[in-house]
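J.: Quick one: structure below, then a few questions.
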Amino acid sequence: MTSSDALPTGAFKISSPFGRRAIALSIAAAVGGFLFGFDSSVINGAVDSIEGTFDTSPFLTGLVVAVALLGCAVGALLAGTLSDKWGRLRVMLLGGVLFFVSSIGTALTFSIPDLFVWRILSGLGIGIASVVAPAYIAEIAPRQIRGSLASLQQLAITLGIFGALLSDALLANTAGGASETLWLGMAAWRWMFLVGVIPSAVYIILSFTMPESPRYLLAKGRQEDARKIFARLVPAVDLDQTMNDLNAAIDEDRKNRSASLRGKALGLQPIVWVGIILSVFQQFVGINVIFYYSTSLWKAVGFDESDSLLITVITSMTNVVMTLVAIWLVDRVGRKPILLTGSALMTLSLGAMALAFSFAEGSGTDVSLPGVWGPVALVAANLFVVGFAASWGPLVWVLLGEIFPSRIRGKALGVAAAAQWIANFLITMSFPVMSSWSLPLTYGMYAAFALLSFFYVIWKIPETKGMELEKTETLFVQKPKKQKA
């Protein structure tokens with residue numbers, strides 16, 4: 001038994017100075033998650049105005065929204081390498097600067113080509129934040145509260161989405177419309193992007209005031225510097241064990257740098273495909289359509305711009321609340337029951353939306369839902385968000401952290417994250433074109449993927465609640481078949 005194993009339950013208290021410092025640093029790092037959510041959703045209130053200002057086609061509109069996701073994939077891939085080379089804080093600073101610059105550039109954009117540049121830069125910032133912020137939290141959090149602090153990243157993302165949509169609504173209502181002039185001769189939709197300067201500046205300032213990750217310092221051989229930081233984050237009785245465990249983990253990582261993801265299943269190990277498929281299902285149910293295009297959607301079915309923005313804000317509040325519910329339930333109910341329940345609710349709600357839009361009257365942007373079908377679509381959209389936010393939203397990330405063997409965990413997570421960004425890109429870019437053809441078909445397709453996700457969880461995903469990390473890995477390893485005598 002190690003010294004840390006011998007610690008009595010309750011030896012570490014969140015209310016202690018150690019707990020308060022760890023929580024403060026985790027909240028500071030989670031501002032990266034807030035930027036992630038804010039920047040990925042702020043375009044919601046500006047989509048129609050950008051389309052009108054630059055006279056874009058549905059395909060080009062989708063590309064404007066989705067191109068940031070290509071930057072996300074690149075940013076996520078670069079973040080791990082850069083943070084190992086430069087340190088976590090310098091890469092956080094880089095992410096903050098990219099957010100800051102892209103917010104100003106997008107607000108002042110004068111053409112579609114330069115808008116693409118700023119959107120890609122913002123995507124690079126999102127990708128960096130999606131990797132570095134949770135990594136920093138995991139590396140400074142005491143083991144006794146690591147799970148709770150790690151959940152702050154997902155909560156911060158949902159709060160960022162809410163903040164973006166709320167500021168969009170306030171600015172549009174103040175100006176009398178997103179395309180109307182607000183201050184300094186600039187349209188309200190431009191101010192929507194410019195608001196991003198505020199949280200970006202906060203993140204930049206925090207990157208200068210936070211201590212470097214002790215794990216990074218240990219990897220660079222700076223033992224005493226790491227020890228000084230850990231002395232403020234973990235009890236003295238845990239200090240030596242924490243240092244020893246981290247040094248051992250770093251040595252193991254160095255040994256496994258050459259570990260391969262290759263396997264016989266289409267070139268990859270089966271467990272890697274499990275992570276990829278989970279990531280793809282998370283995006284192919286169409287969740288980001290709600291947060292990127294919902295304002296345009298509700299305007300198209302009869303709500304005015306003010307009401308559409310208000311509905312979108314309410315939806316984002318639902319997202320925050322249900323993410324809190326998921327955080328509370330995941331270690332009580334288990335992963336598999338929550339995923340199955342979420343898949344079922346998403347299938348039913350998306351099916352209801354497809355049915356409602358099959359009764360739509362008119363065409364193009366002149367569409368309305370007669371009778372009860374408008375309220376049915378509205379309720380169904382929010383039930384869909386409830387189902388996603390309480391299950392597939394946070395739990396896919398939980399499973400991705402549990403299922404990969406330690407020898408390939410970093411590489412496999414990178415592949416799964418890249419698959420998620422690419423799937424997000426495909427759904428985001430295709431929605432304007434698909435919805436112009438047929439909204440019932442579009443939502444019917446998302447419902448079909450939600451239904452498939454239900455059966456995939458039954459088929460491939462075992463329960464991992466309460467298991468040691470090393471044991472969860474073995475659940476996904478296929479046992480060799482016994483040879484017949």
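Letters for chains follow the order of the structure tokens (A, B, ...), residue numbers begin at 1 for each chain, and ligand numbers begin at 1 in the order shown.
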Based on the backbone DSSP call, show me all residues of region 133-200 of chain A assigned helix (DSSP H, G or I), as number ranges by chain.
T.: A: 133-140, 143-150, 152-175, 188-194, 197-200
J.: Got a sec to tell me which of region 195-401 of chain A DSSP assigns to strand (DSSP E), as number ranges by chain?
T.: A: 361-363, 366-368
J.: Can you write just those residues out, C-alpha atoms, as a PDB file, in the first residue's frame?
T.:
```
ATOM      1  CA  GLU A 361     -46.111  25.978 -45.261  1.00  0.00           C
ATOM      2  CA  GLY A 362     -44.216  28.125 -47.752  1.00  0.00           C
ATOM      3  CA  SER A 363     -40.680  27.713 -49.058  1.00  0.00           C
ATOM      4  CA  ASP A 366     -40.799  32.226 -46.067  1.00  0.00           C
ATOM      5  CA  VAL A 367     -41.765  29.207 -43.971  1.00  0.00           C
ATOM      6  CA  SER A 368     -44.314  28.898 -41.180  1.00  0.00           C
TER       7      SER A 368
END
```
J.: Mind checking which residues fall within 6 Å of region 100-114 of chain A, counting only C-alpha atoms, ignoring those fewer than 3 positions away in the same chain, and posting them as a list in words?
T.: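 So, after excluding close chain neighbours, the residues are Val97, Val117, Trp118, Leu121, Ser122, Arg190, Phe193, Leu194, Gly196, Val197 and Ser200 of chain A.
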J.: Quick one: distance from CA of Met192 (chain A) to CA of Gly33 (chain A) in Å, one decimal?
T.: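 Between these atoms lies a distance of 18.5 Å.
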J.: Might you pull out every residue within 10 Å of Pro394 (chain A), with only C-alpha atoms counted and same-chain residues fewer than 2 positions away left off, and present them as a list in words?
T.: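 With the cut-off at 10 Å, the set is Ser151, Gln153, Gln154, Leu155, Gln282, Thr323, Leu324, Ala326, Ile327, Val330, Phe388, Ala389, Ala390, Ser391, Trp392, Val396, Trp397, Val398 and Leu399 of chain A.
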J.: Write the residues of the selection above to a file with N, CA and C atoms, as an mmCIF file, in the first residue's frame.
T.:
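part-v3.cif, written as the output of this step:
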```cif
data_model
loop_
_atom_site.group_PDB
_atom_site.id
_atom_site.type_symbol
_atom_site.label_atom_id
_atom_site.label_comp_id
_atom_site.auth_asym_id
_atom_site.auth_seq_id
_atom_site.Cartn_x
_atom_site.Cartn_y
_atom_site.Cartn_z
ATOM 1 N N SER A 151 -14.596 18.593 -14.254
ATOM 2 C CA SER A 151 -15.921 18.863 -14.827
ATOM 3 C C SER A 151 -16.164 20.350 -15.050
ATOM 4 N N GLN A 153 -14.491 22.319 -16.838
ATOM 5 C CA GLN A 153 -14.270 22.661 -18.243
ATOM 6 C C GLN A 153 -15.562 22.567 -19.046
ATOM 7 N N GLN A 154 -16.287 21.448 -18.891
ATOM 8 C CA GLN A 154 -17.550 21.289 -19.625
ATOM 9 C C GLN A 154 -18.582 22.319 -19.178
ATOM 10 N N LEU A 155 -18.612 22.601 -17.869
ATOM 11 C CA LEU A 155 -19.535 23.617 -17.364
ATOM 12 C C LEU A 155 -19.187 24.988 -17.948
ATOM 13 N N GLN A 282 -21.606 11.789 -31.349
ATOM 14 C CA GLN A 282 -21.877 12.979 -30.548
ATOM 15 C C GLN A 282 -22.197 14.181 -31.428
ATOM 16 N N THR A 323 -26.220 20.077 -17.999
ATOM 17 C CA THR A 323 -24.829 19.659 -17.831
ATOM 18 C C THR A 323 -24.515 19.473 -16.356
ATOM 19 N N LEU A 324 -25.039 20.350 -15.501
ATOM 20 C CA LEU A 324 -24.880 20.188 -14.055
ATOM 21 C C LEU A 324 -25.533 18.894 -13.582
ATOM 22 N N ALA A 326 -25.909 16.174 -15.365
ATOM 23 C CA ALA A 326 -25.062 15.072 -15.822
ATOM 24 C C ALA A 326 -23.854 14.898 -14.907
ATOM 25 N N ILE A 327 -23.232 16.010 -14.502
ATOM 26 C CA ILE A 327 -22.083 15.949 -13.601
ATOM 27 C C ILE A 327 -22.472 15.285 -12.284
ATOM 28 N N VAL A 330 -23.360 11.185 -13.129
ATOM 29 C CA VAL A 330 -22.483 10.247 -13.823
ATOM 30 C C VAL A 330 -21.856 9.204 -12.913
ATOM 31 N N PHE A 388 -29.297 15.679 -24.898
ATOM 32 C CA PHE A 388 -27.875 15.726 -25.246
ATOM 33 C C PHE A 388 -27.029 16.209 -24.069
ATOM 34 N N ALA A 389 -27.429 17.331 -23.456
ATOM 35 C CA ALA A 389 -26.614 17.943 -22.403
ATOM 36 C C ALA A 389 -26.502 17.065 -21.172
ATOM 37 N N ALA A 390 -27.511 16.237 -20.917
ATOM 38 C CA ALA A 390 -27.478 15.367 -19.745
ATOM 39 C C ALA A 390 -26.830 14.025 -20.031
ATOM 40 N N SER A 391 -26.376 13.808 -21.253
ATOM 41 C CA SER A 391 -25.814 12.493 -21.579
ATOM 42 C C SER A 391 -24.613 12.589 -22.513
ATOM 43 N N TRP A 392 -24.839 12.624 -23.813
ATOM 44 C CA TRP A 392 -23.760 12.522 -24.789
ATOM 45 C C TRP A 392 -22.810 13.699 -24.756
ATOM 46 N N VAL A 396 -19.338 11.552 -23.326
ATOM 47 C CA VAL A 396 -18.383 11.085 -24.334
ATOM 48 C C VAL A 396 -16.963 11.428 -23.894
ATOM 49 N N TRP A 397 -16.787 12.637 -23.334
ATOM 50 C CA TRP A 397 -15.458 13.025 -22.862
ATOM 51 C C TRP A 397 -15.026 12.179 -21.673
ATOM 52 N N VAL A 398 -15.969 11.822 -20.813
ATOM 53 C CA VAL A 398 -15.647 10.940 -19.684
ATOM 54 C C VAL A 398 -15.136 9.596 -20.199
ATOM 55 N N LEU A 399 -15.856 9.014 -21.156
ATOM 56 C CA LEU A 399 -15.465 7.711 -21.691
ATOM 57 C C LEU A 399 -14.141 7.779 -22.452
#
```
J.: For region 58-168 of chain A against region 428-443 of chain A, with a cut-off of 9 Å and counting only C-alpha atoms, what is the closest atom pair and its distance in Å to one decimal for every residue that makes the cut, ordered by chain and number, as a Markdown table?
T.:
```
| residue | atom | partner | partner_atom | distance |
| --- | --- | --- | --- | --- |
| A:Pro58 | CA | A:Pro432 | CA | 5.2 |
| A:Phe59 | CA | A:Val433 | CA | 5.8 |
| A:Leu60 | CA | A:Met429 | CA | 8.4 |
| A:Thr61 | CA | A:Pro432 | CA | 7.2 |
| A:Gly62 | CA | A:Met429 | CA | 4.1 |
| A:Leu63 | CA | A:Met429 | CA | 5.3 |
| A:Val64 | CA | A:Met429 | CA | 8.1 |
| A:Val65 | CA | A:Met429 | CA | 7.0 |
| A:Ala66 | CA | A:Met429 | CA | 5.3 |
| A:Val67 | CA | A:Met429 | CA | 8.1 |
| A:Leu69 | CA | A:Thr428 | CA | 9.0 |
```
J.: For the selection just defined, write its residues with N, CA and C atoms to a file, as a compact mmCIF listing (two decimals), in the first residue's frame.
T.:
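Generated output (result.txt):
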```txt
# COMPACT_ATOMS: atom_id res chain seq x y z
N PRO A 58 -26.37 29.59 -49.53
CA PRO A 58 -26.45 28.70 -48.38
C PRO A 58 -25.15 27.92 -48.16
N PHE A 59 -24.51 27.45 -49.22
CA PHE A 59 -23.27 26.70 -49.08
C PHE A 59 -22.18 27.58 -48.47
N LEU A 60 -22.05 28.81 -48.96
CA LEU A 60 -21.01 29.70 -48.47
C LEU A 60 -21.30 30.11 -47.02
N THR A 61 -22.57 30.28 -46.68
CA THR A 61 -22.93 30.59 -45.30
C THR A 61 -22.50 29.46 -44.37
N GLY A 62 -22.78 28.23 -44.78
CA GLY A 62 -22.36 27.09 -43.98
C GLY A 62 -20.86 27.02 -43.84
N LEU A 63 -20.14 27.36 -44.90
CA LEU A 63 -18.69 27.32 -44.85
C LEU A 63 -18.13 28.40 -43.92
N VAL A 64 -18.75 29.58 -43.91
CA VAL A 64 -18.33 30.66 -43.01
C VAL A 64 -18.45 30.20 -41.55
N VAL A 65 -19.57 29.54 -41.24
CA VAL A 65 -19.78 29.06 -39.87
C VAL A 65 -18.82 27.92 -39.55
N ALA A 66 -18.65 27.00 -40.48
CA ALA A 66 -17.93 25.76 -40.20
C ALA A 66 -16.43 25.86 -40.34
N VAL A 67 -15.92 26.86 -41.07
CA VAL A 67 -14.49 26.91 -41.34
C VAL A 67 -13.67 27.03 -40.06
N LEU A 69 -14.05 25.35 -37.52
CA LEU A 69 -13.84 24.02 -36.99
C LEU A 69 -12.59 23.36 -37.58
```
J.: Taking 3 positions as the minimum chain separation for residues in the same chain, which residues sit within 9 Å of Ser130 (chain A) when counting only C-alpha atoms? Answer as a PyMOL selection string.
T.: chain A and resi 32-33+36+72+75-76+79+125-127+133-135+153
J.: Given only C-alpha atoms as the basis, pick out the residue of A:Ala412, A:Ala380, A:Leu35, A:Ile120 nearest to Gln269 (chain A).
T.: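 Checking each candidate against Gln269 (chain A), we get A:Ala412 as the closest.
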J.: Which residues are close to region 165-167 of chain A, i.e. within 12 Å by only C-alpha atoms, leaving aside same-chain residues fewer than 6 positions away? Reply as JSON, numbers by chain.
T.: {"A": [37, 38, 39, 40, 41, 42, 43, 44, 45, 46, 158, 159, 173, 174, 178, 188, 189, 190, 191, 192, 193, 194, 195, 196, 198, 290, 291, 292, 293, 294, 295, 306, 308, 309, 310, 311, 312, 313, 314, 315, 316, 317, 319]}
J.: As an exercise, work out the distance from CA of Phe384 (chain A) to CA of Leu451 (chain A) in Å and give it to one decimal place.
T.: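 Distance reported for this atom pair: 12.9 Å.
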J.: One number please: CA of Arg90 (chain A) to CA of Ala219 (chain A), in Å, one decimal.
T.: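 A separation of 15.9 Å between them.
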J.: Could you check which of A:Gly334, A:Ile140, A:Ala448, A:Ala175 is closest to Arg232 (chain A), using only C-alpha atoms?
T.: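 Smallest distance to Arg232 (chain A) is found for A:Ile140.
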J.: Do you know which residues are at most 9 Å from Glu212 (chain A) counting only C-alpha atoms, after dropping those on the same chain fewer than 4 positions away, and could you put them as a list in words?
T.: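 So, after excluding close chain neighbours, the residues are Gly87, Arg88, Leu89, Tyr136, Tyr216, Leu217, Ala226 and Ile229 of chain A.
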